[in-house]
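Peer 1: Handing over work.txt, compact mmCIF, C-alpha atoms and all ligand atoms.
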# COMPACT_ATOMS: atom_id res chain seq x y z
CA MET A 94 -20.53 102.71 -54.07
CA ASN A 95 -19.55 105.46 -56.49
CA TYR A 96 -16.98 107.86 -55.00
CA GLY A 97 -16.13 109.36 -58.40
CA GLN A 98 -12.61 110.78 -58.36
CA LEU A 99 -12.52 111.81 -54.71
CA ASP A 100 -9.08 112.27 -53.16
CA TRP A 101 -7.66 109.94 -50.51
CA GLY A 102 -8.99 111.92 -47.54
CA LYS A 103 -12.53 112.16 -48.85
CA THR A 104 -12.53 108.49 -49.89
CA ASN A 105 -11.37 107.51 -46.40
CA ARG A 106 -14.11 109.65 -44.81
CA MET A 107 -16.73 108.13 -47.12
CA ALA A 108 -15.57 104.68 -46.00
CA GLN A 109 -16.07 105.72 -42.36
CA VAL A 110 -19.68 106.74 -43.07
CA PHE A 111 -20.80 104.01 -45.51
CA ARG A 112 -20.15 100.68 -43.81
CA PRO A 113 -19.97 97.39 -45.73
CA ASN A 114 -22.10 94.38 -44.73
CA ALA A 115 -21.03 90.73 -44.95
CA GLN A 116 -21.68 90.81 -48.72
CA GLY A 117 -19.42 93.87 -49.09
CA GLU A 118 -22.34 96.25 -49.89
CA ALA A 119 -21.79 99.63 -48.24
CA HIS A 120 -24.72 101.54 -46.75
CA THR A 121 -25.22 104.02 -43.94
CA VAL A 122 -27.58 104.76 -41.09
CA MET A 123 -26.92 108.40 -40.20
CA LEU A 124 -28.69 109.84 -37.21
CA ALA A 125 -30.03 113.33 -38.01
CA VAL A 126 -30.20 115.50 -34.90
CA ASP A 127 -29.64 118.93 -36.45
CA HIS A 128 -33.29 120.02 -36.06
CA PRO A 129 -32.75 122.44 -33.13
CA TYR A 130 -30.75 124.77 -35.42
CA PHE A 131 -34.08 126.04 -36.74
CA TYR A 132 -36.78 124.29 -34.63
CA GLY A 133 -35.34 125.20 -31.21
CA PRO A 134 -35.98 122.55 -28.53
CA THR A 135 -37.43 119.94 -30.89
CA THR A 136 -39.67 117.21 -29.42
CA GLY A 137 -37.35 114.40 -28.38
CA LEU A 138 -34.25 116.61 -28.40
CA GLU A 139 -35.11 118.95 -25.52
CA ASP A 140 -32.13 117.51 -23.70
CA PRO A 141 -30.26 115.70 -26.45
CA ARG A 142 -27.90 114.01 -23.97
CA GLU A 143 -30.80 111.79 -22.87
CA THR A 144 -31.98 110.91 -26.36
CA ILE A 145 -28.83 110.80 -28.40
CA LEU A 146 -26.25 109.09 -26.19
CA PRO A 147 -27.94 105.65 -26.22
CA LEU A 148 -28.43 105.90 -30.01
CA VAL A 149 -24.89 106.83 -31.00
CA PRO A 150 -23.46 103.29 -30.77
CA TYR A 151 -25.95 102.19 -33.45
CA ALA A 152 -25.35 105.10 -35.84
CA ASP A 153 -22.76 104.93 -38.65
CA ALA A 154 -22.59 108.73 -38.51
CA ILE A 155 -24.36 111.49 -36.67
CA SER A 156 -25.42 114.88 -38.07
CA PRO A 157 -25.87 117.55 -35.38
CA ALA A 158 -25.30 121.30 -35.45
CA LYS A 159 -22.48 122.67 -33.30
CA GLY A 160 -24.49 123.31 -30.11
CA THR A 161 -25.79 119.77 -29.83
CA LEU A 162 -22.37 118.35 -30.69
CA VAL A 163 -20.37 120.21 -28.07
CA TYR A 164 -22.93 120.08 -25.26
CA SER A 165 -24.32 116.58 -25.78
CA LEU A 166 -21.83 114.28 -27.43
CA ASP A 167 -18.93 112.54 -25.79
CA PRO A 168 -15.71 113.43 -27.66
CA LEU A 169 -14.33 109.99 -26.77
CA VAL A 170 -16.99 108.24 -28.89
CA PRO A 171 -15.51 107.84 -32.37
CA THR A 172 -18.76 107.94 -34.42
CA PRO A 173 -18.12 110.14 -37.51
CA VAL A 174 -19.78 113.56 -37.39
CA ILE A 175 -21.28 115.41 -40.35
CA LEU A 176 -21.73 118.90 -38.96
CA ARG A 177 -24.66 121.13 -39.98
CA VAL A 178 -23.04 124.43 -40.90
CA THR A 179 -25.85 126.49 -42.42
CA GLY A 180 -28.66 128.43 -40.79
CA GLY A 181 -30.03 131.90 -40.52
CA ASN A 182 -33.70 131.43 -39.79
CA SER A 183 -36.20 129.66 -37.60
CA MET A 184 -39.57 127.94 -37.84
CA THR A 185 -41.17 131.06 -36.39
CA ARG A 186 -40.36 132.70 -39.74
CA ARG A 187 -41.23 129.73 -41.92
CA GLU A 188 -41.63 131.75 -45.08
CA GLU A 189 -38.01 132.93 -44.72
CA LEU A 190 -36.45 129.50 -44.12
CA SER A 191 -34.69 129.37 -47.47
CA ASN A 192 -32.71 132.54 -46.66
CA GLU A 193 -29.74 130.56 -45.33
CA HIS A 194 -26.06 131.40 -44.87
CA ILE A 195 -22.96 129.50 -43.87
CA ILE A 196 -22.90 129.94 -40.10
CA THR A 197 -20.14 127.59 -38.95
CA SER A 198 -16.86 127.67 -40.88
CA VAL A 199 -15.22 124.64 -42.42
CA ALA A 200 -12.12 125.36 -40.29
CA GLU A 201 -14.33 125.11 -37.19
CA ALA A 202 -15.82 121.83 -38.47
CA ALA A 203 -12.29 120.46 -39.05
CA LYS A 204 -11.30 121.57 -35.52
CA LEU A 205 -14.30 119.65 -34.18
CA ASN A 206 -12.99 116.61 -36.12
CA ALA A 207 -16.07 116.38 -38.35
CA VAL A 208 -15.69 114.11 -41.38
CA GLY A 209 -18.08 116.31 -43.31
CA VAL A 210 -20.35 119.33 -43.34
CA SER A 211 -24.02 119.56 -44.26
CA ILE A 212 -25.91 122.34 -45.96
CA SER A 213 -29.54 122.85 -46.97
CA VAL A 214 -30.08 123.87 -50.57
CA TYR A 215 -33.51 125.28 -51.41
CA ILE A 216 -33.96 124.91 -55.16
CA ASP A 217 -36.75 126.78 -56.98
CA THR A 218 -37.17 129.24 -54.12
CA GLU A 219 -36.47 132.95 -54.18
CA HIS A 220 -33.12 132.35 -52.44
CA GLN A 221 -31.89 129.63 -54.75
CA ALA A 222 -28.94 131.60 -56.16
CA GLN A 223 -27.77 132.44 -52.63
CA ASN A 224 -28.15 128.77 -51.63
CA ILE A 225 -26.16 127.52 -54.61
CA ARG A 226 -23.47 130.10 -53.90
CA ASN A 227 -23.36 128.88 -50.26
CA LEU A 228 -22.93 125.32 -51.54
CA GLY A 229 -20.14 126.28 -53.96
CA THR A 230 -18.29 128.28 -51.31
CA LEU A 231 -18.64 125.46 -48.80
CA ALA A 232 -17.48 122.84 -51.33
CA ASN A 233 -14.38 124.89 -52.19
CA GLU A 234 -13.48 125.32 -48.50
CA ALA A 235 -14.27 121.70 -47.57
CA SER A 236 -12.09 120.46 -50.40
CA LYS A 237 -9.02 122.12 -48.79
CA TYR A 238 -9.48 119.87 -45.73
CA GLY A 239 -10.81 116.78 -47.52
CA LEU A 240 -14.13 117.11 -45.69
CA LEU A 241 -17.28 115.66 -47.26
CA VAL A 242 -20.17 117.91 -48.25
CA LEU A 243 -23.67 116.58 -47.62
CA GLY A 244 -26.13 118.61 -49.72
CA ILE A 245 -29.67 118.48 -48.37
CA THR A 246 -32.53 118.99 -50.83
CA ALA A 247 -34.59 121.31 -48.69
CA VAL A 248 -38.10 122.42 -49.52
CA GLY A 249 -39.22 125.87 -48.46
CA ALA A 250 -42.59 126.85 -47.02
CA LYS A 251 -44.09 127.32 -50.51
CA LEU A 252 -43.04 123.95 -51.93
CA GLU A 253 -43.63 121.89 -48.80
CA PRO A 254 -47.42 121.51 -49.22
CA MET A 255 -46.98 120.45 -52.85
CA VAL A 256 -44.37 117.86 -51.94
CA LYS A 257 -46.80 116.50 -49.35
CA GLY A 258 -49.59 116.46 -51.95
CA GLU A 259 -51.52 119.27 -50.22
CA GLY A 260 -52.76 122.63 -51.48
CA GLU A 261 -53.09 124.39 -54.79
CA GLY A 262 -51.06 122.99 -57.69
CA SER A 263 -50.18 119.80 -55.86
CA ALA A 264 -52.11 117.60 -58.32
CA ASP A 265 -49.76 118.71 -61.14
CA PHE A 266 -46.63 118.65 -59.02
CA ASP A 267 -44.23 115.89 -60.02
CA ALA A 268 -42.20 115.22 -56.86
CA GLY A 269 -39.84 112.76 -58.59
CA ARG A 270 -39.06 115.32 -61.30
CA TYR A 271 -38.55 118.10 -58.72
CA PHE A 272 -36.17 116.11 -56.51
CA ALA A 273 -34.29 114.76 -59.55
CA HIS A 274 -33.82 118.35 -60.77
CA ALA A 275 -32.84 119.71 -57.33
CA GLY A 276 -30.60 116.78 -56.40
CA ARG A 277 -28.62 116.93 -59.63
CA ILE A 278 -28.06 120.67 -59.23
CA ILE A 279 -26.79 119.98 -55.70
CA GLN A 280 -24.38 117.34 -57.03
CA GLU A 281 -23.14 119.57 -59.83
CA ASN A 282 -22.40 122.46 -57.46
CA GLY A 283 -20.20 120.49 -55.11
CA ALA A 284 -22.02 117.97 -52.88
CA ASP A 285 -20.34 114.60 -52.34
CA ILE A 286 -23.52 113.05 -50.88
CA VAL A 287 -27.07 114.13 -51.73
CA LYS A 288 -29.83 113.92 -49.14
CA THR A 289 -33.30 113.72 -50.61
CA TYR A 290 -36.77 112.29 -49.96
CA PHE A 291 -38.17 108.93 -50.99
CA VAL A 292 -41.05 109.99 -53.25
CA ASP A 293 -42.92 108.53 -56.24
CA GLY A 294 -40.55 108.62 -59.18
CA PHE A 295 -37.47 107.90 -57.05
CA GLU A 296 -36.01 105.99 -60.06
CA GLU A 297 -35.63 109.31 -61.89
CA ILE A 298 -33.82 110.81 -58.88
CA ARG A 299 -31.44 107.81 -58.65
CA GLU A 300 -30.84 107.77 -62.41
CA GLY A 301 -29.80 111.44 -62.49
CA ILE A 302 -27.54 111.53 -59.40
CA GLN A 303 -24.19 109.75 -59.35
CA THR A 304 -23.15 110.59 -55.76
CA PRO A 305 -24.31 108.39 -52.87
CA ILE A 306 -27.91 109.24 -51.90
CA VAL A 307 -29.26 109.25 -48.35
CA ILE A 308 -32.94 109.50 -47.56
CA ALA A 309 -34.45 111.90 -45.00
CA GLY A 310 -37.02 110.38 -42.69
CA GLY A 311 -39.41 113.34 -42.65
CA LYS A 312 -42.18 113.86 -40.11
CA LYS A 313 -42.80 111.10 -37.55
CA ILE A 314 -44.98 108.31 -38.94
CA PRO A 315 -45.81 104.88 -37.46
CA GLU A 316 -42.71 102.68 -37.09
CA ALA A 317 -44.01 99.99 -39.49
CA GLU A 318 -44.44 102.60 -42.25
CA ALA A 319 -41.02 104.14 -41.65
CA LEU A 320 -39.39 100.70 -41.90
CA GLU A 321 -41.36 100.00 -45.07
CA PHE A 322 -40.26 103.15 -46.90
CA THR A 323 -36.68 102.59 -45.73
CA ALA A 324 -36.71 99.11 -47.28
CA ASN A 325 -38.29 100.43 -50.49
CA ALA A 326 -35.72 103.22 -50.73
CA ILE A 327 -32.77 100.84 -50.31
CA ALA A 328 -34.29 98.44 -52.85
CA ALA A 329 -34.65 101.38 -55.26
CA GLY A 330 -30.94 102.22 -54.97
CA ALA A 331 -30.60 104.62 -52.02
CA ASP A 332 -27.29 104.23 -50.19
CA GLY A 333 -28.73 104.77 -46.75
CA VAL A 334 -30.78 107.04 -44.55
CA ASP A 335 -30.11 110.23 -42.65
CA MET A 336 -33.05 109.79 -40.32
CA GLY A 337 -34.10 111.89 -37.36
CA ARG A 338 -37.66 112.19 -36.07
CA ASN A 339 -38.65 108.67 -37.06
CA ILE A 340 -35.92 107.44 -34.75
CA PHE A 341 -35.67 109.88 -31.85
CA GLN A 342 -39.45 110.47 -31.63
CA SER A 343 -40.19 106.73 -31.79
CA GLU A 344 -41.93 104.95 -28.91
CA ASP A 345 -38.55 103.28 -28.42
CA PRO A 346 -35.70 105.09 -30.22
CA VAL A 347 -33.03 102.48 -29.39
CA ALA A 348 -35.20 99.61 -30.71
CA MET A 349 -36.11 101.66 -33.78
CA ILE A 350 -32.55 102.50 -34.81
CA GLN A 351 -31.65 98.82 -34.53
CA ALA A 352 -34.63 97.86 -36.71
CA VAL A 353 -33.63 100.53 -39.28
CA ARG A 354 -30.07 99.13 -39.29
CA ALA A 355 -31.37 95.63 -39.91
CA VAL A 356 -33.28 96.88 -42.98
CA VAL A 357 -30.45 99.06 -44.34
CA HIS A 358 -27.48 96.78 -43.69
CA GLU A 359 -28.96 93.28 -43.62
CA GLY A 360 -31.86 93.71 -46.04
CA LEU A 361 -34.38 92.53 -43.44
CA GLU A 362 -37.97 92.55 -44.77
CA PRO A 363 -39.87 95.50 -43.25
CA ALA A 364 -42.52 93.25 -41.64
CA ARG A 365 -39.78 91.23 -39.97
CA ALA A 366 -37.96 94.43 -38.98
CA TYR A 367 -41.14 95.67 -37.33
CA GLU A 368 -41.33 92.39 -35.37
CA LEU A 369 -37.70 92.91 -34.39
CA PHE A 370 -38.60 96.42 -33.19
CA GLY A 371 -41.36 94.87 -31.00
CA GLU A 372 -39.04 92.18 -29.64
CA LEU A 373 -36.27 94.66 -28.78
CA ARG A 374 -38.81 96.98 -27.21
CA ALA A 375 -40.26 94.17 -25.06
CA LYS A 376 -36.78 93.16 -23.94
CA ARG A 377 -35.95 96.71 -22.90
CA ALA A 378 -39.26 97.29 -21.07
C1 LIG B 401 -33.86 119.80 -42.79
C2 LIG B 401 -33.26 118.52 -42.42
C3 LIG B 401 -33.49 118.14 -41.00
O1 LIG B 401 -33.04 119.01 -40.08
C4 LIG B 401 -33.24 116.76 -40.64
O2 LIG B 401 -31.93 116.35 -40.87
C5 LIG B 401 -34.26 115.88 -41.25
O3 LIG B 401 -34.37 114.68 -40.60
P1 LIG B 401 -35.78 113.96 -40.46
O4 LIG B 401 -36.65 114.50 -41.56
O5 LIG B 401 -35.47 112.50 -40.67
O6 LIG B 401 -36.32 114.24 -39.10
O7 LIG B 401 -32.68 117.84 -43.23
O8 LIG B 401 -33.82 120.02 -44.15
Once you've parsed the file, please lay out its structure as structure tokens.

Peer 2:
Amino acid sequence: MNYGQLDWGKTNRMAQVFRPNAQGEAHTVMLAVDHPYFYGPTTGLEDPRETILPLVPYADAISPAKGTLVYSLDPLVPTPVILRVTGGNSMTRREELSNEHIITSVAEAAKLNAVGVSISVYIDTEHQAQNIRNLGTLANEASKYGLLVLGITAVGAKLEPMVKGEGEGSADFDAGRYFAHAGRIIQENGADIVKTYFVDGFEEIREGIQTPIVIAGGKKIPEAEALEFTANAIAAGADGVDMGRNIFQSEDPVAMIQAVRAVVHEGLEPARAYELFGELRAKRA
């Protein structure tokens, strides 16, 4: 794990989030539940207390926005929190999503005992300069408290179809090149951890980013496929996942997070992890 020259506080917070296995290799399974900050009552998180509470014991860290944290999480549970602090738009104005601001202050995040803060950074969109300024401001503030900054490579409405291989120009779009470019800019402007997507050309992303990398889950896909790309991402050098919908929208979220953990921390083959998912599910039925 490369923590660069982080100070004692940040190194200690990194060690809370990235947990070593029996071989001493540190990885993380973060549970992403920040979606309501722009989706509203997201499927599976309508009442997050029902969904999230049984998952928290299996998460190395959890990334909610403030509302979900204070209304749904038990302050006595010591799972590290990486608090979503940016916002400014909603899915009803998709084309404006990249117009983000810092909404929750770092002082507020520290008061809530977060170990870090997360921010979306929309590179190659019309608001990129504003987003990079948000990141720089946040990094400067977070540094005063030793809080970690998780920089999320976010794709706006225009880039999203290309990343998914849909629409005009997508045939020429090099997703690996784009995420390598965006992720490195996010590192250079102050992120301690970069969140990105597992796409073709991931080697180029890994090669160009020296911070720990966590992989977003993306839209809900069948459990076997989600476990497969998780295993491939870890094998290709990702340091963990920050996964949301593929866990909390699963047929069995508690079984799924345990299967994801087995892949990330124990290197379980995805086919075997899928069997484990089935076994845990049957046991809980
Ligand atoms: C947006 C985000 C999401 O809110 C979320 O954290 C993504 O999680 P998933 O894609 O696994 O549901 O990062 O940019």

Peer 1: List the neighbours of His220 of chain A out to 8 Å using only C-alpha atoms; skip same-chain residues closer than 5 positions along the sequence, and give me the result as a PyMOL selection string.

Peer 2: chain A and resi 191-192+215

Peer 1: Between A:Arg187, A:His274, A:Lys204, A:Lys312, single out the one closest to Gly294 of chain A, counting all atoms listed in the file.

Peer 2: A:His274

Peer 1: Would you pick out the contacts of Ile298 of chain A at 10 Å or less, using all atoms listed in the file, so that residues sharing its chain but fewer than 4 positions from it are not included, and give the list as a ChimeraX atom specification?

Peer 2: /A:268-277,289-294,302-303,306,330-331

Peer 1: Using Å and a single decimal, report how far atom CA of Gly137 of chain A sits from atom CA of Pro305 of chain A.

Peer 2: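 These atoms are spaced 28.4 Å apart.
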
Peer 1: Kindly indicate which residue among A:Glu189, A:Glu318, A:Asp140, A:Asp335 lies nearest to ligand LIG 401 (chain B), using all atoms listed in the file for the distances.

Peer 2: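 For ligand LIG 401 (chain B), the nearest of the given residues is A:Asp335.
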
Peer 1: What are the nearest atom pairs, with distances in Å to one decimal, for all residues of segment 285-372 of chain A that come at most 9 Å from segment 222-242 of chain A, using all atoms listed in the file, set out by chain and rising residue number as JSON lines?

Peer 2:
{"residue": "A:Asp285", "atom": "CA", "partner": "A:Val242", "partner_atom": "CA", "distance": 5.3}
{"residue": "A:Ile286", "atom": "CA", "partner": "A:Val242", "partner_atom": "CA", "distance": 6.5}
{"residue": "A:Val287", "atom": "CA", "partner": "A:Val242", "partner_atom": "CA", "distance": 8.6}

Peer 1: Atom CA of Lys376 of chain A and atom CA of Ala309 of chain A, how far apart in Å?

Peer 2: 28.3 Å
